[in-house]
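Quick notes on the structure that follows.
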Amino acid sequence: MKRFLFIILLLPLFVSLNAGETQDAKSEASSKITSVKLFTNRAEITRTAKVKLSKGLNTVVIAGLPDNLFDWSLRGSLPEKFNGKILSMEISRQALTEKRKKRIAEIEKKLEELREQDAGLVDDLSNIKSQEDFLNSINDFTKQSAAKELQTRIPQTELWGSTIEYTSKKKKELQNQSRLILKKRRDLAKEIQKWEFELAQIAGASYFSGYQKINKAMEKNIAQFQVQQYSDLTDQYAAQQNYLTTSAIDTEKSILVSIASNVDSETDFSVTYMIPNTYWQMLYDFRASKLKNEVEVFVYANIFQKSGEDWDNVALTLSTGEPRTISAIPLLSPWFLSVSKPEEEYYKYKSESLPKRALKSADGVADEMDVYEKDGGQNIVPEASVKEVGFNFEISIPLRQSIISSEKYQKKLIKSYVLKSTKALKYFYKTVPASSGSVFLMAKVVNQTELPWIAGEAQVFLENEFIGKVNIPDTAVEKEQNIVLGITPDMMAKKELVTRYDDTSGVFGGKKRIVYSYKITLENNGRESREVTILDNFPVSNDKEINVEIKDLSDHFVNDEETKKSTEYQQGIRKFIINIPAGAKKEITYKAIITYDKNLVIEGLR
């Protein structure tokens with residue numbers, strides 16, 4: 001019986017112990033950004049926190065997350081071998097009123113400390129001034145004594161000399177101390193200015209103005225040994241405090257993670273989320289050398305990040321991808337033909353003939369296309385590694401990076417490549433005499449890197465001399481691209497209309513004939529033979545009543561089957577490839593003959 005009573009008495013204790021084991025333990029953990037995957041339209045941030053977990057249920061709060069993170073993108077993870085699991089994750093948003101007040105108080109305390117230091121330095125300067133005044137009085141007394149002694153007795157020159165030597169030495173010491181103190185005050189002034197600027201940024205101009213007025217009044221009262229009264233500043237103080245609570249307050253997000261743990265432990269918890277206002281673009285340096293017969297391509301990432309978070313010492317990965325919130329295949333609208341109806345019959349006809357779906361769209365009901373269009377609006381040093389992931393490429397930067405949240409672009413080297421094989425690189429010259437007398441040095445480069453080139457700006461250098469900038473279009477791996485390296489100063493090209501002859505005689509009946517005689521001149525004043533591509537435009541008839549003939553052409557243009565199929569060829573663009581020796585001149589001549597009915601008005605004649 002006694003044993004039974006003993007068990008009954010102990011039962012509540014066992015129950016309470018068991019309940020304590022499963023009770024939800026709540027804790028807050030600080031996190032740090034450890035890695036960033038940067039896409040071309042946003043960034044994926046990974047934060048890591050060290051969390052202490054008790055056996056049973058735990059709620060971990062991770063605060064300080066940016067307010068603009070995409071809630072739908074939030075993911076959490078525990079180590080693979082962790083003895084437990086994540087049960088739920090919840091996002092909450094809170095105003096930073098208290099956090100802001102705390103930061104303002106911290107800055108004001110810092111400013112008070114700095115002003116105290118400055119006041120101490122002012123006291124030191126005052127003491128030095130007093131000592132200098134005392135030394136000056138000794139010098140004045142010595143001068144007066146010396147004047148009297150020279151009149152009445154033998155002068156005590158040794159005493160005068162030692163006095164002057166002492167005062168001079170002491171004044172020099174005091175002047176050195178004064179300069180050091182003034183330097184400290186200048187440094188303090190910069191520090192005070194920095195903190196006052198931050199206070200104005202965080203608290204706002206209105207609050208800062210009140211802060212300055214109250215501080216000036218306080219300093220004035222203290223300096224004048226007055227009983228401190230601030231009734232005339234009460235309204236200012238009230239407005240200042242009200243501003244803190246009613247002005248636009250920033251917000252931040254926190255996540256509440258529910259974790260079930262089978263043991264007491266400490267482990268890493270990672271949280272990943274997407275964030276806007278950050279992206280990257282490819283930039284390039286093309287450093288060409290005809291002497292070495294190579295082009296060195298430097299590929300850079302031009303990074304913009306104004307996410308509100310500084311990325312400090314993070315593992316950075318660049319992705320060529322552009323994630324979308326919603327991906328959907330555009331809908332193809334039906335193609336309807338209809339007979340034009342009088343205006344009074346229009347609405348009746350529309351209601352009888354158009355499909356119901358089209359009417360819904362007209363009434364403003366969003367379809368998949370609407371959603372799609374809205375969303376679519378968006379060696380010594382280790383080398384970066386490139387890998388293909390799905391449809392995209394990912395570039396892992398080997399060294400940890402620090403990128404502050406800023407309005408400025410930040411340029412990071414990805415990798416450099418040397419293109420020098422005959423397949424990867426060919427130099428040639430190109431000119432369009434009808435538009436410009438310049439001859440351009442070109443480089444035909446094949447992207448023989450493992451990385452596709454994304455459209456971006458390139459700086460071009462020739463033999464380490466900056467030539468200019470060009471735009472590089474999207475260029476897949478193994479695709480070729482022509483790069484303009486600059487104008488060749490020792491070459492010239494021009495196109496001239498030598499004569500224009502209009503024949504309106506009766507020989508051709510009712511026809512009119514115009515004969516244009518052209519001459520293209522190419523000069524090579526260099527020291528080497530060069531291959532030059534010349535582009536010219538022949539007239540093209542868009543009407544069967546206009547006849548165009550090219551006669552007396554002195555050189556052949558490129559007219560292989562592939563060239564003939566090109567759009568440029570169909571539009572009358574002709575390509576001549578000329579090998580011109582050093583110091584030589586080359587001329588291409590031809591006649592363009594246009595025949596048409598003399599009663600017609602022809603557009604495009606020259």
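Every chain in the structure tokens takes a letter, A first, then B, and so on in the order presented; its residues are numbered from 1, and the ligands are numbered from 1 following the presented order.
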When you look at segment 457-463 of chain A with a cut-off of 10 Å (counting only C-alpha atoms), what residues show up, excluding the ones that are within fewer than 5 positions of it in the same chain? I need them as a list in words. Gln281, Met282, Leu283, Tyr284, Asp285, Phe286, Arg287, Ala288, Ser289, Lys290, Leu291, Lys292, Val295, Glu296, Val297, Phe298, Val299, Tyr300, Leu441, Gly468, Lys469, Val470, Asn471, Ile472, Pro473, Ile483, Val484, Leu485 and Gly486 of chain A
Now that the selection is made, can you save its residues with N, CA, C and O atoms as a compact mmCIF listing (two decimals), in the first residue's frame?
```txt
# COMPACT_ATOMS: atom_id res chain seq x y z
N GLN A 281 26.40 40.96 -66.19
CA GLN A 281 26.55 40.97 -67.64
C GLN A 281 27.99 40.60 -67.98
O GLN A 281 28.89 40.81 -67.17
N MET A 282 28.17 40.06 -69.17
CA MET A 282 29.53 39.76 -69.62
C MET A 282 30.14 40.99 -70.27
O MET A 282 29.49 41.69 -71.04
N LEU A 283 31.39 41.25 -69.93
CA LEU A 283 32.22 42.25 -70.60
C LEU A 283 33.48 41.56 -71.09
O LEU A 283 33.88 40.51 -70.55
N TYR A 284 34.12 42.17 -72.09
CA TYR A 284 35.27 41.50 -72.69
C TYR A 284 36.40 42.50 -72.97
O TYR A 284 36.17 43.68 -73.19
N ASP A 285 37.60 41.98 -72.95
CA ASP A 285 38.76 42.64 -73.53
C ASP A 285 39.28 41.73 -74.63
O ASP A 285 39.57 40.55 -74.37
N PHE A 286 39.37 42.26 -75.85
CA PHE A 286 39.99 41.52 -76.95
C PHE A 286 41.35 42.17 -77.20
O PHE A 286 41.42 43.30 -77.69
N ARG A 287 42.41 41.45 -76.84
CA ARG A 287 43.77 41.96 -77.01
C ARG A 287 44.42 41.22 -78.17
O ARG A 287 44.86 40.08 -78.03
N ALA A 288 44.46 41.90 -79.31
CA ALA A 288 44.95 41.27 -80.53
C ALA A 288 46.41 41.63 -80.77
O ALA A 288 46.86 42.73 -80.44
N SER A 289 47.12 40.69 -81.37
CA SER A 289 48.51 40.92 -81.76
C SER A 289 48.75 40.27 -83.11
O SER A 289 48.71 39.03 -83.23
N LYS A 290 49.00 41.11 -84.12
CA LYS A 290 49.35 40.55 -85.44
C LYS A 290 50.76 39.98 -85.42
O LYS A 290 51.07 39.04 -86.16
N LEU A 291 51.62 40.54 -84.57
CA LEU A 291 52.99 40.04 -84.49
C LEU A 291 53.02 38.61 -83.97
O LEU A 291 53.78 37.76 -84.46
N LYS A 292 52.19 38.33 -82.96
CA LYS A 292 52.13 36.97 -82.38
C LYS A 292 51.07 36.11 -83.06
O LYS A 292 50.96 34.92 -82.76
N VAL A 295 44.86 36.33 -80.52
CA VAL A 295 43.94 37.22 -79.80
C VAL A 295 43.73 36.64 -78.42
O VAL A 295 43.35 35.47 -78.28
N GLU A 296 43.99 37.45 -77.40
CA GLU A 296 43.73 37.02 -76.02
C GLU A 296 42.39 37.62 -75.60
O GLU A 296 42.20 38.84 -75.68
N VAL A 297 41.48 36.77 -75.19
CA VAL A 297 40.14 37.19 -74.80
C VAL A 297 40.02 37.13 -73.28
O VAL A 297 40.21 36.06 -72.69
N PHE A 298 39.75 38.27 -72.67
CA PHE A 298 39.49 38.33 -71.23
C PHE A 298 37.99 38.46 -71.04
O PHE A 298 37.37 39.38 -71.58
N VAL A 299 37.41 37.54 -70.28
CA VAL A 299 35.97 37.56 -70.02
C VAL A 299 35.75 38.04 -68.59
O VAL A 299 36.32 37.49 -67.64
N TYR A 300 34.92 39.06 -68.43
CA TYR A 300 34.64 39.63 -67.12
C TYR A 300 33.15 39.50 -66.79
O TYR A 300 32.30 39.39 -67.69
N LEU A 441 40.70 46.82 -90.00
CA LEU A 441 41.32 45.54 -89.68
C LEU A 441 40.32 44.72 -88.88
O LEU A 441 39.77 45.20 -87.89
N GLY A 468 39.28 50.89 -79.37
CA GLY A 468 37.90 51.35 -79.21
C GLY A 468 37.05 50.27 -78.60
O GLY A 468 37.56 49.30 -78.02
N LYS A 469 35.74 50.44 -78.71
CA LYS A 469 34.80 49.49 -78.14
C LYS A 469 33.86 48.96 -79.22
O LYS A 469 33.51 49.68 -80.15
N VAL A 470 33.48 47.69 -79.08
CA VAL A 470 32.50 47.08 -79.98
C VAL A 470 31.50 46.30 -79.14
O VAL A 470 31.77 45.96 -77.99
N ASN A 471 30.35 46.01 -79.73
CA ASN A 471 29.35 45.18 -79.06
C ASN A 471 29.45 43.75 -79.57
O ASN A 471 29.44 43.51 -80.79
N ILE A 472 29.55 42.81 -78.64
CA ILE A 472 29.64 41.40 -78.99
C ILE A 472 28.23 40.80 -78.86
O ILE A 472 27.63 40.88 -77.79
N PRO A 473 27.70 40.22 -79.93
CA PRO A 473 26.38 39.56 -79.82
C PRO A 473 26.52 38.21 -79.15
O PRO A 473 27.63 37.71 -78.92
N ILE A 483 35.23 40.58 -85.37
CA ILE A 483 35.51 41.67 -84.43
C ILE A 483 36.25 42.78 -85.17
O ILE A 483 37.25 42.53 -85.85
N VAL A 484 35.75 44.01 -85.04
CA VAL A 484 36.43 45.16 -85.63
C VAL A 484 37.58 45.56 -84.71
O VAL A 484 37.37 45.91 -83.55
N LEU A 485 38.80 45.54 -85.25
CA LEU A 485 39.98 45.88 -84.44
C LEU A 485 40.39 47.33 -84.61
O LEU A 485 41.21 47.83 -83.85
N GLY A 486 39.87 47.99 -85.62
CA GLY A 486 40.20 49.41 -85.78
C GLY A 486 40.47 49.76 -87.23
O GLY A 486 40.53 48.91 -88.13
```
| said: So that I can see what lies close to segment 552-568 of chain A, please list as an NGL selection string the residues with an atom at most 6 Å from it, counting only C-alpha atoms and leaving out residues fewer than 2 positions away in the same chain. | reply: :A and (570-571 or 573 or 575-576 or 588-590)
Preceding selection exported with N, CA, C and O atoms as a PDB file, in the first residue's frame:
```pdb
ATOM      1  N   GLN A 570      20.537  39.000-102.097  1.00  0.00           N
ATOM      2  CA  GLN A 570      19.239  39.306-102.698  1.00  0.00           C
ATOM      3  C   GLN A 570      18.956  40.815-102.681  1.00  0.00           C
ATOM      4  O   GLN A 570      18.221  41.321-103.507  1.00  0.00           O
ATOM      5  N   GLN A 571      19.553  41.515-101.715  1.00  0.00           N
ATOM      6  CA  GLN A 571      19.343  42.966-101.601  1.00  0.00           C
ATOM      7  C   GLN A 571      20.358  43.764-102.417  1.00  0.00           C
ATOM      8  O   GLN A 571      20.396  44.998-102.334  1.00  0.00           O
ATOM      9  N   ILE A 573      23.771  43.521-102.330  1.00  0.00           N
ATOM     10  CA  ILE A 573      25.097  43.716-101.736  1.00  0.00           C
ATOM     11  C   ILE A 573      26.054  42.705-102.374  1.00  0.00           C
ATOM     12  O   ILE A 573      25.809  41.498-102.350  1.00  0.00           O
ATOM     13  N   LYS A 575      30.131  41.296-102.771  1.00  0.00           N
ATOM     14  CA  LYS A 575      31.388  41.203-102.018  1.00  0.00           C
ATOM     15  C   LYS A 575      32.529  40.871-102.970  1.00  0.00           C
ATOM     16  O   LYS A 575      32.487  39.850-103.669  1.00  0.00           O
ATOM     17  N   PHE A 576      33.551  41.724-102.989  1.00  0.00           N
ATOM     18  CA  PHE A 576      34.768  41.495-103.764  1.00  0.00           C
ATOM     19  C   PHE A 576      35.892  41.145-102.778  1.00  0.00           C
ATOM     20  O   PHE A 576      36.042  41.826-101.756  1.00  0.00           O
ATOM     21  N   ILE A 588      38.295  49.092-109.375  1.00  0.00           N
ATOM     22  CA  ILE A 588      37.184  48.265-109.855  1.00  0.00           C
ATOM     23  C   ILE A 588      36.197  49.204-110.527  1.00  0.00           C
ATOM     24  O   ILE A 588      35.758  50.191-109.916  1.00  0.00           O
ATOM     25  N   THR A 589      35.851  48.915-111.788  1.00  0.00           N
ATOM     26  CA  THR A 589      34.922  49.778-112.513  1.00  0.00           C
ATOM     27  C   THR A 589      33.751  48.953-113.041  1.00  0.00           C
ATOM     28  O   THR A 589      33.887  47.761-113.320  1.00  0.00           O
ATOM     29  N   TYR A 590      32.613  49.622-113.178  1.00  0.00           N
ATOM     30  CA  TYR A 590      31.438  48.978-113.782  1.00  0.00           C
ATOM     31  C   TYR A 590      30.409  50.054-114.135  1.00  0.00           C
ATOM     32  O   TYR A 590      30.517  51.209-113.701  1.00  0.00           O
TER      33      TYR A 590
END
```
Taking 6 positions as the minimum chain separation for residues in the same chain, which residues sit within 8 Å of Ile514 of chain A when counting only C-alpha atoms? Answer as a list in words.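 Final neighbour list, sorted by chain and number: Arg500, Tyr501, Asp502, Asp503, Ile593, Ile594 and Thr595 of chain A.
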Backbone DSSP call of strand (DSSP E) for segment 412-554 of chain A, listed as JSON, numbers by chain:
{"A": [412, 413, 414, 415, 416, 417, 418, 419, 425, 426, 427, 428, 429, 430, 431, 439, 440, 441, 442, 443, 444, 445, 446, 456, 457, 458, 459, 460, 461, 462, 465, 466, 467, 468, 469, 470, 471, 472, 480, 481, 482, 483, 484, 485, 486, 487, 491, 492, 493, 494, 495, 496, 497, 498, 499, 500, 501, 502, 503, 511, 512, 513, 514, 515, 516, 517, 518, 519, 520, 521, 522, 523, 524, 530, 531, 532, 533, 534, 535, 536, 537, 546, 547, 548, 549, 550, 551]}
Polymer residues at most 9 Å from Arg185 of chain A, only C-alpha atoms, same-chain spacing of 5 or more positions, as a PDB file with N, CA and C atoms, in the first residue's frame:
```
ATOM      1  N   GLN A 117      36.141  63.515 -26.174  1.00  0.00           N
ATOM      2  CA  GLN A 117      37.566  63.464 -26.526  1.00  0.00           C
ATOM      3  C   GLN A 117      38.031  64.813 -27.051  1.00  0.00           C
ATOM      4  N   ASP A 118      37.200  65.432 -27.887  1.00  0.00           N
ATOM      5  CA  ASP A 118      37.549  66.731 -28.451  1.00  0.00           C
ATOM      6  C   ASP A 118      37.642  67.789 -27.351  1.00  0.00           C
ATOM      7  N   LEU A 121      40.908  67.499 -25.690  1.00  0.00           N
ATOM      8  CA  LEU A 121      41.988  68.068 -26.495  1.00  0.00           C
ATOM      9  C   LEU A 121      41.964  69.591 -26.434  1.00  0.00           C
ATOM     10  N   VAL A 122      40.752  70.187 -26.392  1.00  0.00           N
ATOM     11  CA  VAL A 122      40.634  71.641 -26.239  1.00  0.00           C
ATOM     12  C   VAL A 122      41.245  72.075 -24.903  1.00  0.00           C
ATOM     13  N   LEU A 180      50.479  68.115 -32.627  1.00  0.00           N
ATOM     14  CA  LEU A 180      49.945  66.755 -32.491  1.00  0.00           C
ATOM     15  C   LEU A 180      48.466  66.775 -32.078  1.00  0.00           C
ATOM     16  N   LYS A 190      36.818  64.534 -38.742  1.00  0.00           N
ATOM     17  CA  LYS A 190      36.393  63.624 -39.820  1.00  0.00           C
ATOM     18  C   LYS A 190      35.517  62.508 -39.266  1.00  0.00           C
TER      19      LYS A 190
END
```
Near Thr59 of chain A, within 12 Å and counting only C-alpha atoms, which residues show up once chain neighbours fewer than 5 positions away are dropped, as a compact mmCIF listing (two decimals) with C-alpha atoms, in the first residue's frame?
```txt
# COMPACT_ATOMS: atom_id res chain seq x y z
CA GLN A 23 8.27 20.95 -25.24
CA ASP A 24 8.94 23.32 -28.12
CA ALA A 25 12.31 24.99 -27.40
CA LYS A 26 12.59 28.46 -29.01
CA SER A 27 15.92 30.10 -29.83
CA GLU A 28 17.31 32.83 -32.08
CA ALA A 29 20.31 32.22 -34.31
CA VAL A 51 21.84 26.43 -34.22
CA LYS A 52 21.62 24.69 -30.86
CA LEU A 53 18.86 22.12 -30.71
CA SER A 54 17.32 20.26 -27.82
CA ILE A 86 12.58 20.21 -40.71
CA LEU A 87 8.84 20.20 -40.01
CA SER A 88 7.88 23.68 -41.24
CA MET A 89 9.15 27.13 -42.20
CA GLU A 90 7.26 30.40 -41.81
CA ILE A 255 11.94 32.95 -40.65
CA LEU A 256 10.60 30.62 -37.98
CA VAL A 257 11.84 27.10 -38.54
CA SER A 258 10.34 24.14 -36.71
CA ILE A 259 12.91 21.35 -36.34
CA ALA A 260 12.44 17.95 -34.74
CA SER A 261 15.69 16.64 -33.29
```
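Interatomic distance, atom CA of Val439 of chain A against atom CA of Pro489 of chain A: 7.9 Å.
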The residue from A:Pro433, A:Lys512, A:Glu549, A:Pro66 with the smallest atom-to-atom distance to Glu496 of chain A, counting only C-alpha atoms, is A:Pro433
